[in-house]
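Everything on this sheet refers to the single structure shown next.
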Amino acid sequence: MTAHLITTPVAAGIHLRCGTPVIVGVAEGLLARVDLTPLNRAGEIHALIAGLQTYTLTRHGLIHRDAGRIAGTSLAKAGPVLAQHTCRRQIPAEHRANTPPPARVATTGNCPF
Ligand SMILES: [Zn+2]
């Protein structure tokens, strides 16, 4: 890897045109600005059909998802899939990644055993 293809840590920001919160970082040498909503497989396909780039958010930064990375397993559990930001794009609920339900907390004052 050369110095031109760097990946930088991401930063939270606000898109100046629409005021939407976004994540910004350099992904392998290219500036990437992504929405905060994680996508499931259907959501990623819809984003790609719409001409948007998709990225995996890792603790090192954004990783661009090309065809090989999407089909492969190397990024399967690396982090959430995020789509390139476009202003006023609404992501339907069925395209959002499922988030695990919150852990159940005992609400009664009774001892469970
Ligand atoms: Zn915007």
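Here's how to read the names in the structure tokens: chain A, B, ... by the order shown, residue numbers from 1 in each chain, ligand numbers from 1 in the order shown.
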
- Message: So that I can check the secondary structure, give me every residue of chain A assigned alpha helix (DSSP H) by backbone DSSP, as a PyMOL selection string.
- Response: chain A and resi 41-49+67-71

- Who sits within 10 Å of His60 (chain A), only C-alpha atoms, same chain under 2 positions skipped, as a ChimeraX atom specification: /A:7-10,27,57-58,62-63

- Message: Taking only C-alpha atoms and all ligand atoms and a cut-off of 6 Å, can you tell me which residues surround ligand 1, written as JSON, numbers by chain?
- Response: {"A": [15, 17, 18, 20, 86, 87]}

- Quick one: DSSP strand (DSSP E) residues in chain A, as a ChimeraX atom specification? /A:11-14,21-27,30-34,54-58,61-64,81-83

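Closest approach to Ala93 (chain A) from the set A:Leu75, A:Leu39, A:Val81, A:Ile49 is made by A:Leu39, with distances taken over only C-alpha atoms.
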
- Item | Shortest interatomic distance to Lys77 (chain A) - which of A:Leu31, A:Thr56, A:Gly61, A:Arg89, counting only C-alpha atoms | A:Thr56

- Message: Under the rule that only C-alpha atoms are counted, which of A:Arg59, A:Asp66, A:Ala32, A:Gln53 is the nearest residue to Gly13 (chain A)?
- Response: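 Going through A:Arg59, A:Asp66, A:Ala32, A:Gln53 one by one, the smallest distance to Gly13 (chain A) is for A:Ala32.
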
- Shell of 6 Å around Pro38 (chain A), only C-alpha atoms, local chain residues under 3 positions omitted, as a VMD selection string: chain A and resid 80 to 82 96 to 97

- All residues 8 Å or closer to Leu5 (chain A), only C-alpha atoms, same chain fewer than 5 positions away omitted, as a VMD selection string: chain A and resid 27 to 30
